Amino acid sequence: MFSTLLILPPTPAQAATFTVNDAGDATDAAPGNGVCATAGAVCTLRAAIVEANALAGTDAILFSGVTSISTASQLTVSASVSISGAGVTVDNTGTGRVIRITGGTVVIDGLQITGGAATNGGGVYITGASSSLTLQNGATVSGSDATTAGSGIYAGTNAQVTITGAGTAVAGNLGASRGAGVYASGGADLFLQNGAAIRDHTGTTTSGSGVYLTGSGTTLTVDNAVISGNTGATNGGGVYATSSAALTLQNGATVSGSDAATAGSGIYAGTNAQVTITGTGTAVAGNLGAS
């Protein structure tokens, strides 16, 4: 007697959708069971993220009847997820940054991130080769602070960050001695594109009020987008690039309205930095203060 063994391919992980219906900050009661529910049987943003972290696949988080969320500590994202929250504000009113990303492909759509404070990455901290973040459709990171680097966004080793679309912005963050807007190092790749902006950062920044880039393999590509109104730096009001980092401006990108006390109000190119400016309408213009 003969028999045939049929081996079927593994079933792909099914993505889940969680709808946040409560503005509280309680965590999920049973991570991994596929249900976003706190002990009080509501779905908070923290509970939705914890549940998404525990599941395979790229999950989706939506909002219903919630417009403002106050968190007491950072939200940690370790798996692929899409968070769609046009008109929803997430404000860390406790301690630490707002969001830390340690893995996965993360898309933040329309959400307003504000109020974080940390040594590095007051708004968002992302690091690792398996980590990527896309801000789109009017998402913003604003009103956050860091004592050392990246008040708005800190992008560490091999992370990828894309900021895209008109109205999407890293704006109005404070403080950091390096990169009040965005700090990138260790081979991180940044993309600012399609009308997005890094703008209006002020404070006691030593270098790079808008963006600070450092290290071989670290890149920023600005494509039809804007870096503007960044002030308070000693060097590099708009962008400070050093230690073999690379900056490319193209397709009508502009760096404008920024200043620095000593050098490079628009762009400061330090040790072995590479700066490429190309395309019709691409300009570094209207910056003030230092040459």
# chains A, B, ... in the order shown; residues from 1 in each chain; ligands from 1
>>> residues_around(residues="Ala47 in chain A", least_positions_apart="2", cutoff="10 Å", atoms="only C-alpha atoms", output="MDAnalysis selection string")
chainID A and resid 18 20 24:31 35:38 42:45 49:53 75
>>> write_last_selection(atoms="N, CA and C atoms", output="tab-separated table (two decimals), in the first residue's frame")
chain	number	residue	atom	x	y	z
A	18	PHE	N	-6.44	46.93	15.14
A	18	PHE	CA	-6.89	47.30	16.48
A	18	PHE	C	-7.40	48.74	16.44
A	20	VAL	N	-8.33	51.95	18.65
A	20	VAL	CA	-8.19	52.60	19.96
A	20	VAL	C	-9.48	53.36	20.26
A	24	GLY	N	-6.97	56.52	27.67
A	24	GLY	CA	-6.12	56.16	28.80
A	24	GLY	C	-4.78	55.60	28.39
A	25	ASP	N	-4.01	55.14	29.39
A	25	ASP	CA	-2.64	54.70	29.13
A	25	ASP	C	-2.38	53.29	29.67
A	26	ALA	N	-3.43	52.56	29.99
A	26	ALA	CA	-3.25	51.20	30.52
A	26	ALA	C	-2.74	50.26	29.44
A	27	THR	N	-2.03	49.23	29.86
A	27	THR	CA	-1.45	48.28	28.91
A	27	THR	C	-2.43	47.14	28.62
A	28	ASP	N	-2.05	46.28	27.68
A	28	ASP	CA	-2.89	45.16	27.28
A	28	ASP	C	-2.90	44.09	28.38
A	29	ALA	N	-4.05	43.49	28.59
A	29	ALA	CA	-4.19	42.50	29.66
A	29	ALA	C	-3.63	41.14	29.28
A	30	ALA	N	-3.64	40.81	28.00
A	30	ALA	CA	-3.19	39.47	27.56
A	30	ALA	C	-2.49	39.58	26.21
A	31	PRO	N	-1.24	40.07	26.20
A	31	PRO	CA	-0.53	40.25	24.93
A	31	PRO	C	-0.44	38.96	24.12
A	35	VAL	N	-6.43	40.33	20.74
A	35	VAL	CA	-7.48	41.26	21.16
A	35	VAL	C	-6.83	42.42	21.91
A	36	CYS	N	-7.11	43.64	21.48
A	36	CYS	CA	-6.64	44.81	22.22
A	36	CYS	C	-7.63	45.10	23.33
A	37	ALA	N	-7.24	44.80	24.55
A	37	ALA	CA	-8.14	45.02	25.70
A	37	ALA	C	-7.32	45.14	26.97
A	38	THR	N	-7.52	46.23	27.69
A	38	THR	CA	-6.92	46.38	29.00
A	38	THR	C	-7.72	45.58	30.02
A	42	VAL	N	-11.07	48.04	27.57
A	42	VAL	CA	-11.03	49.07	26.54
A	42	VAL	C	-9.72	48.93	25.78
A	43	CYS	N	-9.64	49.57	24.62
A	43	CYS	CA	-8.41	49.52	23.82
A	43	CYS	C	-7.73	50.87	23.85
A	44	THR	N	-6.58	50.94	24.51
A	44	THR	CA	-5.76	52.15	24.53
A	44	THR	C	-4.67	52.03	23.47
A	45	LEU	N	-4.01	53.15	23.17
A	45	LEU	CA	-2.90	53.09	22.22
A	45	LEU	C	-1.79	52.19	22.75
A	49	ILE	N	-0.38	48.80	20.83
A	49	ILE	CA	1.02	48.61	20.46
A	49	ILE	C	1.58	47.34	21.10
A	50	VAL	N	1.29	47.11	22.36
A	50	VAL	CA	1.75	45.89	23.04
A	50	VAL	C	1.22	44.65	22.33
A	51	GLU	N	-0.03	44.68	21.94
A	51	GLU	CA	-0.62	43.54	21.22
A	51	GLU	C	0.04	43.36	19.86
A	52	ALA	N	0.27	44.46	19.14
A	52	ALA	CA	0.92	44.38	17.83
A	52	ALA	C	2.34	43.84	17.95
A	53	ASN	N	3.05	44.23	19.00
A	53	ASN	CA	4.41	43.73	19.23
A	53	ASN	C	4.43	42.22	19.40
A	75	LEU	N	6.28	54.83	24.67
A	75	LEU	CA	5.65	53.71	23.97
A	75	LEU	C	6.74	53.01	23.17
>>> residues_around(residues="range 159-164 of chain A", least_positions_apart="6", cutoff="7 Å", atoms="only C-alpha atoms", output="list in words")
Ile126, Thr127, Gly128, Ala129, Ser131, Ser132, Leu133, Thr134, Leu135, Gln136, Ala188, Asp189, Leu190, Phe191, Leu192, Gln193, Asn194, Gly195 and Ala196 of chain A
>>> select_by_dssp(residues="range 5-213 of chain A", states="strand (DSSP E)", output="PyMOL selection string")
chain A and resi 17-20+59-63+68-71+75-77+81-84+89-92+99-101+104-109+112-114+117-120+124-126+131-136+140-142+145-149+153-155+160-164+169-171+174-175+182-185+189-193+197-199+211-213
>>> residues_around(residues="range 226-231 of chain A", least_positions_apart="4", cutoff="8 Å", atoms="only C-alpha atoms", output="list in words")
Leu192, Gly195, Ala196, Ala197, Ile198, Arg199, Asp200, His201, Thr202, Gly203, Ser209, Gly210, Val222, Gly237, Gly238, Ala253, Thr254, Val255, Ser256, Gly257, Ser258, Asp259 and Ala260 of chain A
>>> closest_residue(among="A:Gln250, A:Asp91, A:Ala54, A:Leu220", to="Gly32 in chain A", atoms="only C-alpha atoms")
A:Ala54
>>> residues_around(residues="range 261-264 of chain A", least_positions_apart="4", cutoff="6 Å", atoms="only C-alpha atoms", output="ChimeraX atom specification")
/A:234-236,268,290-291
>>> atom_distance(atom1="CA of Thr119 in chain A", atom2="CA of Ala149 in chain A")
6.9 Å
>>> select_by_dssp(residues="range 47-196 of chain A", states="helix (DSSP H, G or I)", output="number ranges by chain")
A: 47-54
>>> write_last_selection(atoms="C-alpha atoms", output="PDB file, in the first residue's frame")
ATOM      1  CA  ALA A  47      -2.472  48.242  24.663  1.00  0.00           C
ATOM      2  CA  ALA A  48      -2.743  48.222  20.866  1.00  0.00           C
ATOM      3  CA  ILE A  49       1.025  48.611  20.460  1.00  0.00           C
ATOM      4  CA  VAL A  50       1.752  45.894  23.037  1.00  0.00           C
ATOM      5  CA  GLU A  51      -0.621  43.540  21.225  1.00  0.00           C
ATOM      6  CA  ALA A  52       0.922  44.378  17.829  1.00  0.00           C
ATOM      7  CA  ASN A  53       4.407  43.733  19.229  1.00  0.00           C
ATOM      8  CA  ALA A  54       3.326  40.242  20.270  1.00  0.00           C
TER       9      ALA A  54
END
>>> decode(residues="range 41-83 of chain A", atoms="C-alpha atoms", output="PDB file, in the first residue's frame")
ATOM      1  CA  ALA A  41     -11.905  45.991  28.608  1.00  0.00           C
ATOM      2  CA  VAL A  42     -11.032  49.069  26.539  1.00  0.00           C
ATOM      3  CA  CYS A  43      -8.414  49.516  23.817  1.00  0.00           C
ATOM      4  CA  THR A  44      -5.762  52.154  24.528  1.00  0.00           C
ATOM      5  CA  LEU A  45      -2.901  53.094  22.225  1.00  0.00           C
ATOM      6  CA  ARG A  46      -0.420  51.445  24.583  1.00  0.00           C
ATOM      7  CA  ALA A  47      -2.472  48.242  24.663  1.00  0.00           C
ATOM      8  CA  ALA A  48      -2.743  48.222  20.866  1.00  0.00           C
ATOM      9  CA  ILE A  49       1.025  48.611  20.460  1.00  0.00           C
ATOM     10  CA  VAL A  50       1.752  45.894  23.037  1.00  0.00           C
ATOM     11  CA  GLU A  51      -0.621  43.540  21.225  1.00  0.00           C
ATOM     12  CA  ALA A  52       0.922  44.378  17.829  1.00  0.00           C
ATOM     13  CA  ASN A  53       4.407  43.733  19.229  1.00  0.00           C
ATOM     14  CA  ALA A  54       3.326  40.242  20.270  1.00  0.00           C
ATOM     15  CA  LEU A  55       1.907  39.247  16.882  1.00  0.00           C
ATOM     16  CA  ALA A  56       3.480  38.418  13.521  1.00  0.00           C
ATOM     17  CA  GLY A  57       2.611  40.397  10.417  1.00  0.00           C
ATOM     18  CA  THR A  58       2.115  44.126   9.913  1.00  0.00           C
ATOM     19  CA  ASP A  59      -0.782  45.133  12.119  1.00  0.00           C
ATOM     20  CA  ALA A  60      -2.859  48.309  11.843  1.00  0.00           C
ATOM     21  CA  ILE A  61      -3.899  50.685  14.611  1.00  0.00           C
ATOM     22  CA  LEU A  62      -6.855  53.031  14.064  1.00  0.00           C
ATOM     23  CA  PHE A  63      -8.737  55.442  16.347  1.00  0.00           C
ATOM     24  CA  SER A  64     -12.417  55.939  17.146  1.00  0.00           C
ATOM     25  CA  GLY A  65     -13.653  58.829  19.273  1.00  0.00           C
ATOM     26  CA  VAL A  66     -10.176  59.596  20.615  1.00  0.00           C
ATOM     27  CA  THR A  67      -8.352  62.835  19.746  1.00  0.00           C
ATOM     28  CA  SER A  68      -5.862  63.365  22.589  1.00  0.00           C
ATOM     29  CA  ILE A  69      -3.788  60.796  24.460  1.00  0.00           C
ATOM     30  CA  SER A  70      -1.486  61.508  27.407  1.00  0.00           C
ATOM     31  CA  THR A  71       1.147  58.899  28.188  1.00  0.00           C
ATOM     32  CA  ALA A  72       3.118  58.512  31.398  1.00  0.00           C
ATOM     33  CA  SER A  73       6.161  56.840  29.816  1.00  0.00           C
ATOM     34  CA  GLN A  74       7.535  55.933  26.397  1.00  0.00           C
ATOM     35  CA  LEU A  75       5.649  53.713  23.971  1.00  0.00           C
ATOM     36  CA  THR A  76       7.959  50.950  22.692  1.00  0.00           C
ATOM     37  CA  VAL A  77       7.369  49.551  19.196  1.00  0.00           C
ATOM     38  CA  SER A  78       9.268  46.363  18.324  1.00  0.00           C
ATOM     39  CA  ALA A  79       7.306  44.968  15.367  1.00  0.00           C
ATOM     40  CA  SER A  80       5.870  46.163  12.062  1.00  0.00           C
ATOM     41  CA  VAL A  81       2.770  48.313  12.472  1.00  0.00           C
ATOM     42  CA  SER A  82       0.824  51.099  10.785  1.00  0.00           C
ATOM     43  CA  ILE A  83      -0.652  53.759  13.083  1.00  0.00           C
TER      44      ILE A  83
END
